[in-house]
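Structure first, then comments.
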Number of protein chains: 2
Amino acid sequence: MANGHILGEYLIDQLANHGVGHVFGIPGDYVLSFYDLLSKSEKLEIINTCDEQGAGFAADAYARLKGLGAVCITYGVGGLKVANTTAQAYAEKSPVIIISGAPGVKEQINDPLLHHKVRDFQTQKRVFDEFTVASAVLDNADNALCEIDRLIHTALKYKRPVYLELPRDMVFAEVSAEHCHPLSIDRTDDETLDEALSEAVEWINKSSQPVILAGVEIHRFGLQEELAAFATKSGIPVAATILSKSVVADSMPLYMGIYEGATGLDEIQRYVESSDCLIILGALMTDLNLGIYTAEIDPKKSIYITSDRLSIKRHLFEDILFEDFINGLGKANIFPRQVTDIPRPHKPQPITPGSNSNEKLTVERLFQHINSMIDDDTIVVADVGDALFGANDLYIHQSTEFLSPAYYASLGFAVPGGLGAQLAMPEKRPLILVGDGAFQMTGMELSAIARYGLNPIVIVINNKGYSTERPMLDGPFNDIHPWHFYEIPKVLGVGIGYLVETEEQLIRALQEVKILEEFSLIDVAIGRDDRSPALNRLTSRLANNVKST
Amino acid sequence: MANGHILGEYLIDQLANHGVGHVFGIPGDYVLSFYDLLSKSEKLEIINTCDEQGAGFAADAYARLKGLGAVCITYGVGGLKVANTTAQAYAEKSPVIIISGAPGVKEQINDPLLHHKVRDFQTQKRVFDEFTVASAVLDNADNALCEIDRLIHTALKYKRPVYLELPRDMVFAEVSAEHCHPLSIDRTDDETLDEALSEAVEWINKSSQPVILAGVEIHRFGLQEELAAFATKSGIPVAATILSKSVVADSMPLYMGIYEGATGLDEIQRYVESSDCLIILGALMTDLNLGIYTAEIDPKKSIYITSDRLSIKRHLFEDILFEDFINGLGKANIFPRQVTDIPRPHKPQPITPGSNSNEKLTVERLFQHINSMIDDDTIVVADVGDALFGANDLYIHQSTEFLSPAYYASLGFAVPGGLGAQLAMPEKRPLILVGDGAFQMTGMELSAIARYGLNPIVIVINNKGYSTERPMLDGPFNDIHPWHFYEIPKVLGVGIGYLVETEEQLIRALQEVKILEEFSLIDVAIGRDDRSPALNRLTSRLANNVKST
């Protein structure tokens, strides 16, 4: 057929053309024929997880690193299990395409009670309309191809998830581009950009202490190098947010560290908040990014651009694309300055075991050891809790990646996230930091990690409960049943488990795992009330909200 | 305060007044103060699960047995994880109340980016409006008490889930019943009931082969005894659907077994479909109940009542409550008849090990052994797959319970369902039947079973993949990573695991587990292509749908 395609094949081709190499999910009868097509394709590899939730988190991590991720699940019982992971991808700007099988168009006639159906055949789409930027049910061969193009385009434009529902009798439908309208491409208005850049540059040049606050959109739009070049050329110091950690390497001379209001380090808070020209690039103004709103950022002293808006002081500019403004700054005639005496991250020193290396490990020493093993080939994937907040101070090398759900904060991201991360970047090795509570949610996705022969290092920070909550309000509900995490390789038949209680044991384990080609799980016993300084600062703020409300 | 209450305490009191003794969930900061209140209450016990999904399934099972269940989770990351389990409760009529914490009313002013927020503060409520029969955000002290009453009333009336959102600054708000309107109570219209009953009774009396098809609503409305009394008094034989298995005991002389069209047993299909007066009581006309629509049920020959509608032949009656019609039938003057020669379930015979007791176990022999150990104190909880379809032929004693998601069919129900079931009925012991694929989704909720000292017997039917899908369309996507399930007690530090490959090993394990006071997990190795006759019949029908579409 001229210009014709088979719908399912076209979808596979378009995913592959946009860099997707793996599709995460679990089959079910409504999506089985598409799975068959996927498995016969040489372009995409199916990655089976244990539960759909794991597929959702893995695809989110994959999308953060590759620019697009895909989940493929069955109707209802599969789709609704990725509601939460899709909500996270929406909140934290991760472009994931959700492909859900569905009863055939012909089967849906007369609205029968088919299995996996909730209320009506539109229920699932309406749910996903709440946390996607576009959705389509491919029930019409005339526009199915255009709809696939539109969904992928929209996901890439907004860096957010889209929902595609594929009735099973459409997988082999013949589709063509005959009826497609060209997709509208957003363009920057040149005159508006000139005006905004002129104003910004003039202000930056006459300011005495400009500071760049680099947010997560720098990462999502792949502008890390442009940002570093701009900062280096202009000599303006840079801070990041906790959600955007790793957009600038700690080794970059102008990088100060993570800014997070009063829950972060004092010297960074002072430096950022005393700026007379704060250049906020793609940061989300969330409570966790802003230290539970302890940040004192004055709009009158800020240039603030995201993919949605640009403001300078109190006035707004429309029709400027995020990347064009960043690139424009890089080319602009900005007066190069020399700063001295800015806060700097501490480069990890080679650590020697303390004299107490047979005593119980502390969070502080644990993170010092972790710091010493991170290199350019590491992807740190941190779960919520001290895995994330303790990781605040980890030293990020030139091309280390750091992934974490630092805004939406869904526990259980890290293990399936590590699966997605290593498949996205097979030349790197994930270091998964996860608390015991988060591990109990999704940690058995190590099964998928075992199945596909991956070798992340998993460090379970085992402090016997939900330790982020203990300082806010404690009770038996913050305890969890103690697992012998180090025994999990026995269940999976793959991997090496370590029980670590002392520094000496940690050192030995970290040396061994370096050379392993299978996954390793280090179960680190931490005292029930031992927390990183960062987590202590955060939880004392959060506790105020629990108690005052 | 006169007639006054503290909102959180009132909610706890009302749950307890309606028979709820346990609340399933995981805390988070937005729900922490309510957890504190719960944990100090002597009326409700908090049951912590590993993941919110487990809490959702456990509460569903609990609601099926106790008449009301409760889940309590935090905002966003907790709430959206129970979207799928709530959808199942909706589809299969299980009255679960979802209690979600939320940012305080005062915190929500100006729509800040608080952690766990997706799009706006109404997102989560709109999602739950898709699969609940009522919802409320308790953001107003004037009507909060009335709203709690309305939600519980509605859940009980429709036997479906409701959604309650509790902003954290409302937990200690003072509320009163001052502004409440009386709840409208549905009543049967007596004249309509008389007319419908007269017509039904006259028809039944003159029919030559009436048959009762007893559906799941008999269970949900607690009408099992009324149904059995009516059948016994009138001498009319009874069949059940797969979703309603156990509404009639197999030992009841007029019970024939499960009717499920051409996917069930021939003799039951013939008997039911040749009825000239089929009395369908509370059955959902779903694809799985109707053998993928192979059932030939003629409306002209049917009396069909559910909680939503009553029809006799082609005409409808409104304003008749389900329970009033069932009770009316029981009191009506129905001609007692004697039937002979109806299909009957086979009472399990004491089985002796075959001469091949050292050879590999088959599904058939496995279910024979399971059959022999079921008694009045057993609650069978069957997951989707051969755990359910093979369980079709299990012999249900006088007061055995049988729970399964036989319509919505969400894999992973059984282990957390067993947790909920044993807490709902502590005098009984769950026998959990679960496939290897379903176990990998939620089986680690054995951790909660261990924590609360429960002792279900878990039988993992380990056939190395998604064996319901293999006969439809097979590929590597139907394989799963092999787990040594029997090693899981080592991870949890509680429980006894068995690896069973032969009949001899099975017999030994079943004998041992009878007296155990901790959970046991029997990992039964089954051949990759060994399936029960029922599953073979079902999948050959489902395969047609996969292939023809």
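Simple scheme: letters A, B, ... for chains in structure tokens order, numbers from 1 for residues in each chain, numbers from 1 for ligands in the order shown.
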TODO: Hey, list the chain B side of the contact with chain A: 7 Å cut-off, only C-alpha atoms, answer as an NGL selection string.
DONE: :B and (27 or 29 or 32-33 or 36 or 48 or 50-51 or 77 or 80-81 or 83-84 or 87 or 90-91 or 104 or 113-119 or 123 or 127 or 130-131 or 168-169 or 285-288 or 407-410 or 440-441 or 447 or 451 or 469 or 473 or 475 or 477 or 481-485 or 487-488 or 490-493 or 546 or 549)
TODO: Considering only C-alpha atoms, return as a list of chain:residue names whatever protein or nucleic-acid residues lie within 7 Å of region 202-207 of chain A, sequence-local ones (same chain, fewer than 3 positions apart) excluded.
DONE: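 Using only C-alpha atoms, the neighbours found are A:Ser198, A:Glu199, A:Pro210, A:Asp276, A:Cys277, A:Ile334, A:Phe335.
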Take the residues just selected and output them with C-alpha atoms as an mmCIF file, in the first residue's frame.
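Final output, part01.cif:
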```
data_model
loop_
_atom_site.group_PDB
_atom_site.id
_atom_site.type_symbol
_atom_site.label_atom_id
_atom_site.label_comp_id
_atom_site.auth_asym_id
_atom_site.auth_seq_id
_atom_site.Cartn_x
_atom_site.Cartn_y
_atom_site.Cartn_z
ATOM 1 C CA SER A 198 18.709 42.915 26.355
ATOM 2 C CA GLU A 199 16.992 43.655 29.605
ATOM 3 C CA PRO A 210 24.445 37.608 40.139
ATOM 4 C CA ASP A 276 20.838 41.262 43.611
ATOM 5 C CA CYS A 277 20.144 39.360 40.371
ATOM 6 C CA ILE A 334 27.969 39.468 29.260
ATOM 7 C CA PHE A 335 30.739 41.099 31.175
#
```
Task: One-decimal distance in Å that lies between CA of Glu318 (chain B) and CA of Glu273 (chain B) - done: 26.7 Å
Task: Backbone-only DSSP, strand (DSSP E or B) members of region 79-273 of chain B, as a count of residues only - done: 34
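Nearest to Ile461 (chain B) of all the residues B:Gln14, B:Thr362, B:Thr378, B:Ser234 is B:Thr362, counting only C-alpha atoms.
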TODO: Write out as a ChimeraX atom specification each polymer residue whose atoms come within 12 Å of Tyr158 (chain A), counting only C-alpha atoms; drop sequence neighbours fewer than 2 positions from it.
DONE: /A:67-68,89-96,132-134,151-156,160-162,186,217,220-221,306-308,321-322
